[in-house]
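Q: Take a look at the following structure, please.
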Amino acid sequence: MSPRKSVAEATATRTRIIERALALAATDGLDGLTIGRLAIDLGMSKAGVVGHFGSKEALQIAVLEAAVEQFRRRVPGRAVGADPGLRRLTTAFGEWIDYMAGDEGHSGCLLTSVAAEFDGRPGPIRDAVLAALTSWSAYVGAEVRTAVAGGELPPETDAEQVVFELNGIALAAAQAIQLHHDPAAPARARTAVTRLLSVA
């Protein structure tokens with residue numbers, strides 16, 4: 001086997017492990033992700049799974065990084081074409097709500113659930129999810145300030161307060177969708193976002 005083919009196969013296997021781990025973490029949580037379950041599902045040995053990452057924690061971080069990238073592509077990524085300011089904010093939060101509602105066959109938003117799972121547990125996983133959510137809040141804050149500068153929101157608007165409330169709506173939607181299985185949750189969340197941005 002050529003070195004190039006060996007590297008390509010290792011990369012493909014690593015990707016397959018992460019994709020399966022993402023699916024399992026969506027239902028069992030990141031902490032509930034086990035090497036044994038992954039090995040069985042993928043027809044691999046435990047050593048074969050761990051060998052691609054070095055440890056369970058390294059696997060969890062790789063899965064979280066994949067979830068963050070998935071979120072970036074789906075949420076701010078799909079809002080790129082919208083006009084900066086209120087339209088982009090409304091589009092981005094609409095995409096996040098749809099993402100949580102599972103319109104692409106998955107369940108919820110792993111980034112949101114991991115934040116709740118690890119918020120009180122210091123370590124690299126908490127640090128990684130905190131960095132991702134801090135980046136998201138910075139994105140939202142920049143769009144709020146753009147809306148203020150463009151006259152879409154009043155000049156006295158407290159951008160950080162709007163960010164806090166928008167993220168609060170998303171977290172409430174996540175709980176209503178995942179815990180309560182409320183079919184009205186996505187529509188209610190969209191209404192809340194629209195109402196907030198019209199009076200902020």
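Just remember, in the structure tokens the first chain shown is A, the second B, etc., residues are 1-based per chain, and ligands are 1-based in the order shown.
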Please list as JSON, numbers by chain every residue within 12 Å of Met44 (chain A), counting only C-alpha atoms and excluding residues in the same chain fewer than 4 positions away.
A: {"A": [13, 14, 16, 17, 35, 36, 37, 38, 39, 40, 48, 49, 50, 51, 52]}
Q: Just write the chosen residues, C-alpha atoms, as a PDB file, in the first residue's frame.
A:
ATOM      1  CA  THR A  13     -11.863   6.239   8.522  1.00  0.00           C
ATOM      2  CA  ARG A  14     -11.432   9.167  10.896  1.00  0.00           C
ATOM      3  CA  ARG A  16     -16.484   8.002   9.280  1.00  0.00           C
ATOM      4  CA  ILE A  17     -15.859   7.727  13.024  1.00  0.00           C
ATOM      5  CA  ILE A  35     -15.661   3.929  22.312  1.00  0.00           C
ATOM      6  CA  GLY A  36     -17.333   0.529  22.639  1.00  0.00           C
ATOM      7  CA  ARG A  37     -20.574   1.637  20.987  1.00  0.00           C
ATOM      8  CA  LEU A  38     -18.685   3.336  18.182  1.00  0.00           C
ATOM      9  CA  ALA A  39     -16.532   0.272  17.612  1.00  0.00           C
ATOM     10  CA  ILE A  40     -19.606  -1.991  17.368  1.00  0.00           C
ATOM     11  CA  GLY A  48      -8.845   0.966  16.114  1.00  0.00           C
ATOM     12  CA  VAL A  49     -11.272   3.738  17.059  1.00  0.00           C
ATOM     13  CA  VAL A  50      -9.078   5.257  19.775  1.00  0.00           C
ATOM     14  CA  GLY A  51      -5.991   4.987  17.573  1.00  0.00           C
ATOM     15  CA  HIS A  52      -7.305   7.719  15.303  1.00  0.00           C
TER      16      HIS A  52
END
Q: Please identify all polymer residues within 12 Å of Tyr139 (chain A), counting only C-alpha atoms, omitting same-chain residues fewer than 5 positions from it, and present them as a list in words.
A: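 Answer for this query is Arg72, Val75, Pro76, Gly77, Ala79, Val80, Pro84, Gly85, Arg88, Leu89, Ala92, Phe93, Ala132, Leu133, Thr134, Val144, Arg145, Thr146, Ala159, Glu160, Val163 and Asn167 of chain A.
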Q: Keeping only C-alpha atoms, write those residues as a JSON list (two decimals), in the first residue's frame.
A:
[["chain", "number", "residue", "atom", "x", "y", "z"],
["A", 72, "ARG", "CA", -21.20, 27.55, 10.94],
["A", 75, "VAL", "CA", -26.51, 29.01, 10.38],
["A", 76, "PRO", "CA", -24.27, 32.01, 9.61],
["A", 77, "GLY", "CA", -23.24, 30.33, 6.36],
["A", 79, "ALA", "CA", -27.27, 33.99, 6.12],
["A", 80, "VAL", "CA", -24.33, 35.33, 4.09],
["A", 84, "PRO", "CA", -26.35, 42.94, 6.84],
["A", 85, "GLY", "CA", -28.27, 43.98, 9.93],
["A", 88, "ARG", "CA", -29.21, 38.81, 8.27],
["A", 89, "LEU", "CA", -30.02, 38.37, 11.97],
["A", 92, "ALA", "CA", -29.49, 33.39, 10.83],
["A", 93, "PHE", "CA", -31.80, 32.79, 13.77],
["A", 132, "ALA", "CA", -17.53, 28.71, 19.70],
["A", 133, "LEU", "CA", -20.44, 30.39, 21.47],
["A", 134, "THR", "CA", -18.39, 33.52, 22.19],
["A", 144, "VAL", "CA", -26.98, 44.31, 15.80],
["A", 145, "ARG", "CA", -24.52, 47.21, 15.68],
["A", 146, "THR", "CA", -24.78, 47.24, 11.87],
["A", 159, "ALA", "CA", -26.37, 45.60, 21.54],
["A", 160, "GLU", "CA", -25.22, 43.20, 24.26],
["A", 163, "VAL", "CA", -27.57, 39.46, 21.89],
["A", 167, "ASN", "CA", -29.63, 33.75, 22.44]]
Q: Using backbone DSSP assignments, extract all helix (DSSP H, G or I) residues from region 7-186 of chain A; output them as an MDAnalysis selection string.
A: chainID A and resid 7:28 35:42 46:50 56:74 77:79 86:100 110:118 124:149 159:178 185:186
Q: Would you compute the distance between CA of Glu19 (chain A) and CA of Ala67 (chain A)? Give it in Å to one decimal.
A: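 Computed distance, CA of Glu19 (chain A) to CA of Ala67 (chain A), equals 9.6 Å.
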Q: Leaving out region 183-190 of chain A and any residue of its chain fewer than 3 positions from it, which residues lie within 6 Å of it when counting only C-alpha atoms, given as a VMD selection string?
A: chain A and resid 97 173 176 193
Q: For region 24-58 of chain A versus region 112-131 of chain A, which residues have an atom no more than 12 Å away, and what is each residue's nearest atom pair and distance in Å rounded to one decimal, using only C-alpha atoms, chain-then-number order, as a tab-separated table?
A:
residue	atom	partner	partner_atom	distance
A:Ala25	CA	A:Val114	CA	9.1
A:Ala26	CA	A:Ser113	CA	8.3
A:Thr27	CA	A:Ser113	CA	9.9
A:Asp28	CA	A:Ser113	CA	10.3
A:Gly29	CA	A:Val114	CA	7.1
A:Leu30	CA	A:Val114	CA	6.6
A:Asp31	CA	A:Glu117	CA	7.9
A:Gly32	CA	A:Glu117	CA	10.3
A:Leu33	CA	A:Val114	CA	11.9
A:Lys56	CA	A:Ile125	CA	11.4
A:Glu57	CA	A:Ile125	CA	7.9
A:Ala58	CA	A:Ile125	CA	9.1
Q: Work out how far apart CA of Gln60 (chain A) and CA of Leu110 (chain A) are and give it in Å to one decimal.
A: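 Distance between the two atoms: 11.8 Å.
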